[in-house]
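Peer 1: Here it is, the structure in full.
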Amino acid sequence: MDINAKLLVVGRATASRGAKVRLLEEAGLKPSAVDSGSAALECFEAFDLVILDADAPDDEAPKICKSIKERSPSTPVLRITRASDAAADPLVDGFLVDPVEPSEFITLVRSLLRLHRATSELHDCEARLRLVQQSGGLALADCDLVNGQASWSEKFAELFQLPADAGEKRLRLDAILDMVHEEDKAALLTEYRRLLRRGGRFERDFRIRRTDDAIVWVNARGSFIEGAGGRIERIFCLCSDITERKRAESRTAQLAAIVASSIDAIVSIDVAGRISTWNHGAEQLFGYAAYEALGRRGDFFVPPDLAGERATMMQRLMNGEAVEYQTQRRHKNGQLIDVWIRGAPIRRPDESLFGASFIIRNVSAQKQREEHVRFLMRELTHRSKNLLAIIQAMARQSLSLHTTPEEFVARFSERLSGLAGSHDLLLSDDWAGASLVQLIRSQLQHYDDLFDSRIRLEGADLILRPEAAQNIGIALHELSTNAAKFGALSVDRGTVTVSWTIITDENDRPRMQLRWKEQSGPPVILPAHKGFGRMVMDRIAGQALGGHSKAIFAPDGVCWELDVPASAVIREKADAMPG
């Protein structure tokens, strides 16, 4: 308000100076007064108006005005003079010819005070605008299309590599377009031409390529302003460098794509422990759609007996520690799932914690594989011991008082070969079992052309357990060797029939009976002593499988019978039929 304005009246004549002071006081103002320019400069402060009275010499007034303007360029000066040429002084903001008319004097004083106040406010606004530009990284440009002039801020100049001081220079559109990235140029030019015809507001993101080949993303917004005649006369544009924001958006989009496409469950929670993200992998793994999981507490799919374990891990996370462990989680259908969990705290830029994220992977198949490997290792240890025992027995029985070293090597090698054939079948099926038909064929592989003519197989194929395949294979090897040397396969007319069937005993338990029958061979002579082959046929094979076996040396041909519980021998029925 004018009542608080600071005024200074400078004049030598006491009466004239006092008259001016009284007029100002009567108008509600509170002026100060001094009698000379030097006194004015001694007491000078940020006055809102300085009044030079008419009694100052004409050559002294300009010096006083100059000194005042040097001290405070924004302070207006009102000069009262007896000469009308004072209006030519550029340092004077207003003048009156003495003697002044009181109302005119007060009116001009008030006008100059308002002008000073408006100028000060304008300077304050400009200062605040510059502060906003500097702190916000904003770049401003104001183009006057009528006179072809433009002004721009330092930030705008820095962004588009223009001179810092616009002065009276023209902002050329082609200079800006030359910097625009090739992929954005056509769309930006089309938008500019449309606005130049119709006017209005705009906002667009585009890229520019600087002289150092750096790519910078720019957000430009503003207005094309119409004049009184409907023609676009002015363009006001506010720009900002959004390169970091675009990079962050790109990283966020990439991360979102990874999360969305991941086969792993990716879940995050807030500090209250409620689920804030639940990706497609989580939906697939646990059976809950995102809308069913979001907002719920993160322990809703944790088995009750594992709640304590989760609480411990969550406490470590809230302390800022990453965690990794294997545990179980419950599917929507109630099934328990073996999972691997990797959790990490989520922090704000100020390092404060506002949640945690988890990668959850289904490791059920891995657990099964590991258990299978452990099972195989146990089986391998057990079977290796059995195999060594069998080989030792074969070695002892192959070596007798009546054999030469050459005969021992031949017999032992044949028996090892037969045993290896059984093992090859088992290995081909990951030691899960072996086909009975294939087992018989492997032990009689030297007579492959005799199948279906002199060697007949009768019975539906069965898948034998590994132990059964191994023991039956040894017996078949001894039978085939004996038949080739002394029995039905040693003459052209002899035949071998291998038959098997499943029966039910008196306790309604299934048993497998297998029979080897030779016919039309040489007359059978009962062996003088029991060797390894006879022991296998008479005792070892049957006892090893929980049943019994025996060899019958009938005159018309050797017969071997095996009778054992089906559960000890058969894994499952095979689809293939013998042939």
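To be explicit about the labels: the chains of the structure tokens are called A, B, and onward in the order shown, and within each one the residues are counted from 1, while ligands get numbers from 1 in the order they are shown.
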At a cut-off of 10 Å, using only C-alpha atoms, what residues contact Leu113 in chain A? Leave out same-chain residues fewer than 3 positions from it and give the result as an MDAnalysis selection string.
Peer 2: chainID A and resid 1:2 5:7 48:49 75:76 107:110 116:119
Peer 1: For a test of reading the model, state the distance in Å between CA of Gln443 in chain A and CA of Ala468 in chain A, rounded to one decimal.
Peer 2: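 Separating CA of Gln443 in chain A from CA of Ala468 in chain A is a distance of 14.5 Å.
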Peer 1: Ranking A:Ile3, A:Ala484, A:Leu91, A:Leu138 by minimum distance to Cys237 in chain A and counting only C-alpha atoms, which one comes first?
Peer 2: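 For Cys237 in chain A, the nearest of the given residues is A:Leu138.
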Peer 1: Please indicate the distance in Å from CA of Ile176 in chain A to CA of Ala253 in chain A, rounded to one decimal place.
Peer 2: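 That distance, rounded to one decimal, is 29.6 Å.
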Peer 1: Quick one: everything within 7 Å of Cys559 in chain A, counting only C-alpha atoms, minus sequence neighbours fewer than 4 positions away in the same chain. Send it as a list of chain:residue names.
Peer 2: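 My list of contacting residues is A:Trp516, A:Lys517, A:Glu518, A:Ala551, A:Ile552, A:Phe553.
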Peer 1: Go ahead and save the picked residues with N, CA, C and O atoms, as a tab-separated table (two decimals), in the first residue's frame.
Peer 2:
```
chain	number	residue	atom	x	y	z
A	516	TRP	N	11.35	-124.98	-19.15
A	516	TRP	CA	12.26	-125.21	-20.30
A	516	TRP	C	12.19	-126.70	-20.62
A	516	TRP	O	12.48	-127.55	-19.78
A	517	LYS	N	11.81	-127.00	-21.86
A	517	LYS	CA	11.62	-128.42	-22.23
A	517	LYS	C	12.35	-128.68	-23.54
A	517	LYS	O	12.09	-128.07	-24.56
A	518	GLU	N	13.29	-129.69	-23.50
A	518	GLU	CA	14.02	-130.13	-24.69
A	518	GLU	C	13.44	-131.45	-25.18
A	518	GLU	O	13.06	-132.32	-24.37
A	551	ALA	N	15.83	-129.19	-11.99
A	551	ALA	CA	16.17	-129.71	-13.32
A	551	ALA	C	15.83	-131.19	-13.35
A	551	ALA	O	16.14	-131.94	-12.41
A	552	ILE	N	15.17	-131.62	-14.44
A	552	ILE	CA	14.77	-133.01	-14.60
A	552	ILE	C	15.50	-133.57	-15.82
A	552	ILE	O	15.31	-133.06	-16.95
A	553	PHE	N	16.33	-134.60	-15.64
A	553	PHE	CA	17.09	-135.19	-16.73
A	553	PHE	C	16.36	-136.44	-17.22
A	553	PHE	O	16.76	-137.58	-16.98
```
Peer 1: Smallest atom-to-atom distance to Ser442 in chain A: which of A:Gly281, A:Gly199, A:Gly473, A:Gly11, using only C-alpha atoms?
Peer 2: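 Once distances to Ser442 in chain A are computed over only C-alpha atoms, the minimum belongs to A:Gly473.
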Peer 1: Select from range 176-385 of chain A everything DSSP, run on the backbone, classes as strand (DSSP E or B), then give the selection as a PyMOL selection string.
Peer 2: chain A and resi 180+200-209+215-226+232-241+265-270+274-278+297+323-330+336-347+353-362
Peer 1: Find, counting only C-alpha atoms, the residue in A:Trp560, A:Phe224, A:Trp278, A:Phe156 that gets nearest to Phe202 in chain A.
Peer 2: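 Of A:Trp560, A:Phe224, A:Trp278, A:Phe156, the one nearest Phe202 in chain A, counting only C-alpha atoms, is A:Phe224.
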Peer 1: Have a look at CA of Ala248 in chain A and CA of Leu294 in chain A and let me know their distance in Å, one decimal.
Peer 2: 24.9 Å
Peer 1: Looking at A:Phe105, A:Leu173, A:Asp556, A:Gly37, which one is nearest to Glu60 in chain A, with distances taken over only C-alpha atoms?
Peer 2: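 Result for the nearest residue to Glu60 in chain A: A:Gly37.
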Peer 1: Name all residues at most 12 Å from Phe300 in chain A (count only C-alpha atoms; drop same-chain ones fewer than 4 positions away) and give them as a VMD selection string.
Peer 2: chain A and resid 273 to 275 286 288 292 to 296 304 306 to 307 310 329 to 332 334
Peer 1: Okay, now the selection with all heavy atoms, as a short mmCIF file (atom, residue, chain, number, x, y, z; two decimals), in the first residue's frame?
Peer 2:
```cif
data_model
loop_
_atom_site.label_atom_id
_atom_site.label_comp_id
_atom_site.auth_asym_id
_atom_site.auth_seq_id
_atom_site.Cartn_x
_atom_site.Cartn_y
_atom_site.Cartn_z
N GLY A 273 3.02 -56.94 4.74
CA GLY A 273 2.98 -58.36 4.45
C GLY A 273 1.90 -58.76 3.47
O GLY A 273 1.63 -59.96 3.30
N ARG A 274 1.29 -57.79 2.78
CA ARG A 274 0.23 -58.10 1.82
C ARG A 274 0.80 -58.16 0.40
O ARG A 274 1.68 -57.39 0.04
CB ARG A 274 -0.89 -57.07 1.90
CG ARG A 274 -1.53 -57.04 3.29
CD ARG A 274 -2.82 -56.24 3.32
NE ARG A 274 -3.42 -56.27 4.65
CZ ARG A 274 -4.16 -57.27 5.12
NH1 ARG A 274 -4.42 -58.30 4.33
NH2 ARG A 274 -4.65 -57.23 6.35
N ILE A 275 0.26 -59.07 -0.40
CA ILE A 275 0.77 -59.30 -1.75
C ILE A 275 0.42 -58.13 -2.64
O ILE A 275 -0.75 -57.72 -2.74
CB ILE A 275 0.20 -60.61 -2.32
CG1 ILE A 275 0.75 -61.79 -1.52
CG2 ILE A 275 0.53 -60.76 -3.79
CD1 ILE A 275 0.19 -63.13 -1.91
N PHE A 286 0.63 -72.00 -8.42
CA PHE A 286 -0.19 -72.19 -7.23
C PHE A 286 -1.69 -72.28 -7.51
O PHE A 286 -2.46 -72.59 -6.59
CB PHE A 286 0.07 -71.06 -6.23
CG PHE A 286 1.49 -71.01 -5.76
CD1 PHE A 286 2.31 -69.94 -6.08
CD2 PHE A 286 2.02 -72.05 -5.02
CE1 PHE A 286 3.64 -69.90 -5.66
CE2 PHE A 286 3.35 -72.02 -4.59
CZ PHE A 286 4.15 -70.95 -4.91
N TYR A 288 -3.87 -69.95 -8.10
CA TYR A 288 -4.66 -68.76 -7.74
C TYR A 288 -4.48 -67.69 -8.81
O TYR A 288 -3.34 -67.34 -9.18
CB TYR A 288 -4.22 -68.19 -6.40
CG TYR A 288 -4.50 -69.07 -5.22
CD1 TYR A 288 -3.53 -69.95 -4.73
CD2 TYR A 288 -5.74 -69.03 -4.57
CE1 TYR A 288 -3.78 -70.77 -3.64
CE2 TYR A 288 -6.00 -69.85 -3.47
CZ TYR A 288 -5.02 -70.72 -3.02
OH TYR A 288 -5.27 -71.52 -1.93
N GLU A 292 -7.30 -63.17 -7.05
CA GLU A 292 -7.53 -63.93 -5.82
C GLU A 292 -6.40 -63.74 -4.81
O GLU A 292 -6.60 -63.97 -3.61
CB GLU A 292 -7.65 -65.42 -6.15
CG GLU A 292 -8.84 -65.78 -7.02
CD GLU A 292 -8.87 -67.25 -7.35
OE1 GLU A 292 -8.04 -67.69 -8.17
OE2 GLU A 292 -9.71 -67.98 -6.77
N ALA A 293 -5.21 -63.36 -5.30
CA ALA A 293 -4.05 -63.27 -4.41
C ALA A 293 -3.72 -61.84 -3.98
O ALA A 293 -3.29 -61.62 -2.84
CB ALA A 293 -2.83 -63.88 -5.10
N LEU A 294 -3.92 -60.87 -4.86
CA LEU A 294 -3.53 -59.50 -4.56
C LEU A 294 -4.28 -58.96 -3.34
O LEU A 294 -5.50 -59.11 -3.23
CB LEU A 294 -3.78 -58.59 -5.77
CG LEU A 294 -2.92 -58.89 -7.01
CD1 LEU A 294 -3.33 -58.00 -8.17
CD2 LEU A 294 -1.44 -58.71 -6.71
N GLY A 295 -3.54 -58.35 -2.45
CA GLY A 295 -4.13 -57.77 -1.25
C GLY A 295 -4.21 -58.72 -0.07
O GLY A 295 -4.44 -58.29 1.06
N ARG A 296 -4.01 -60.01 -0.31
CA ARG A 296 -4.05 -60.99 0.79
C ARG A 296 -2.69 -61.05 1.47
O ARG A 296 -1.67 -60.71 0.89
CB ARG A 296 -4.43 -62.37 0.27
CG ARG A 296 -5.81 -62.42 -0.36
CD ARG A 296 -6.14 -63.80 -0.89
NE ARG A 296 -6.30 -64.80 0.18
CZ ARG A 296 -6.68 -66.05 -0.04
NH1 ARG A 296 -6.94 -66.47 -1.27
NH2 ARG A 296 -6.80 -66.90 0.98
N PRO A 304 0.57 -74.80 7.45
CA PRO A 304 0.61 -74.34 8.86
C PRO A 304 1.88 -74.76 9.60
O PRO A 304 2.42 -73.99 10.40
CB PRO A 304 -0.63 -75.00 9.47
CG PRO A 304 -1.56 -75.20 8.32
CD PRO A 304 -0.69 -75.51 7.14
N LEU A 306 4.78 -74.89 8.53
CA LEU A 306 5.95 -74.15 8.05
C LEU A 306 5.83 -72.65 8.34
O LEU A 306 6.63 -71.86 7.86
CB LEU A 306 6.14 -74.36 6.55
CG LEU A 306 6.49 -75.79 6.12
CD1 LEU A 306 6.53 -75.91 4.60
CD2 LEU A 306 7.82 -76.23 6.72
N ALA A 307 4.81 -72.26 9.12
CA ALA A 307 4.61 -70.85 9.43
C ALA A 307 5.79 -70.27 10.20
O ALA A 307 6.21 -69.13 9.97
CB ALA A 307 3.31 -70.66 10.22
N ARG A 310 8.70 -69.54 7.84
CA ARG A 310 8.47 -68.33 7.05
C ARG A 310 8.65 -67.09 7.89
O ARG A 310 9.22 -66.09 7.43
CB ARG A 310 7.07 -68.36 6.44
CG ARG A 310 6.78 -67.11 5.59
CD ARG A 310 5.38 -67.12 5.03
NE ARG A 310 5.17 -65.96 4.19
CZ ARG A 310 4.80 -64.76 4.63
NH1 ARG A 310 4.61 -64.58 5.94
NH2 ARG A 310 4.62 -63.75 3.79
N ARG A 329 5.11 -75.21 -0.41
CA ARG A 329 3.96 -74.33 -0.43
C ARG A 329 2.75 -75.14 -0.90
O ARG A 329 2.90 -76.19 -1.52
CB ARG A 329 4.19 -73.12 -1.36
CG ARG A 329 5.24 -72.14 -0.84
CD ARG A 329 4.78 -71.45 0.41
NE ARG A 329 5.74 -70.51 0.96
CZ ARG A 329 6.58 -70.78 1.96
NH1 ARG A 329 6.57 -71.99 2.50
NH2 ARG A 329 7.40 -69.87 2.41
N ARG A 330 1.55 -74.63 -0.60
CA ARG A 330 0.34 -75.38 -0.89
C ARG A 330 -0.38 -74.83 -2.12
O ARG A 330 -0.62 -73.62 -2.23
CB ARG A 330 -0.61 -75.35 0.31
CG ARG A 330 -1.75 -76.36 0.21
CD ARG A 330 -2.62 -76.34 1.45
NE ARG A 330 -1.89 -76.71 2.64
CZ ARG A 330 -1.61 -77.97 2.99
NH1 ARG A 330 -2.00 -78.96 2.21
NH2 ARG A 330 -0.96 -78.23 4.10
N HIS A 331 -0.69 -75.72 -3.06
CA HIS A 331 -1.47 -75.37 -4.25
C HIS A 331 -2.92 -75.12 -3.85
O HIS A 331 -3.37 -75.53 -2.77
CB HIS A 331 -1.37 -76.51 -5.27
CG HIS A 331 -1.92 -76.18 -6.63
ND1 HIS A 331 -3.24 -76.32 -6.94
CD2 HIS A 331 -1.30 -75.72 -7.75
CE1 HIS A 331 -3.44 -75.96 -8.21
NE2 HIS A 331 -2.26 -75.59 -8.72
N LYS A 332 -3.65 -74.45 -4.72
CA LYS A 332 -5.06 -74.17 -4.45
C LYS A 332 -5.84 -75.46 -4.23
O LYS A 332 -6.81 -75.48 -3.44
CB LYS A 332 -5.65 -73.38 -5.62
CG LYS A 332 -7.07 -72.89 -5.39
CD LYS A 332 -7.55 -72.05 -6.57
CE LYS A 332 -8.97 -71.53 -6.33
NZ LYS A 332 -9.44 -70.69 -7.45
N GLY A 334 -4.81 -78.01 -2.68
CA GLY A 334 -4.36 -78.64 -1.44
C GLY A 334 -3.06 -79.40 -1.56
O GLY A 334 -2.48 -79.81 -0.54
#
```
Peer 1: Please list as a VMD selection string every residue within 12 Å of Leu41 in chain A, counting only C-alpha atoms and excluding residues in the same chain fewer than 4 positions away.
Peer 2: chain A and resid 8 10 33 to 37 45 to 47 50 63 to 72
Peer 1: Any chance you could list, as a PyMOL selection string, the residues in range 239-388 of chain A that come up alpha helix (DSSP H) when DSSP is run on the backbone?
Peer 2: chain A and resi 243-261+280-286+290-293+307-318+364-388
Peer 1: Restricting the calculation to only C-alpha atoms, which member of A:Met314, A:Leu122, A:Ala322, A:Ala356 is positioned closest to Ser276 in chain A?
Peer 2: A:Ala356
Peer 1: For Leu457 in chain A, please output as a PyMOL selection string all residues within 10 Å (counting only C-alpha atoms; exclusion window: fewer than 4 positions along the same chain).
Peer 2: chain A and resi 437+440-441+451-452+461+496-500+516+577-579
Peer 1: Find the residue from A:Glu467, A:Glu233, A:Glu478, A:Glu506 that sits nearest to Gly546 in chain A; use only C-alpha atoms when measuring.
Peer 2: A:Glu467
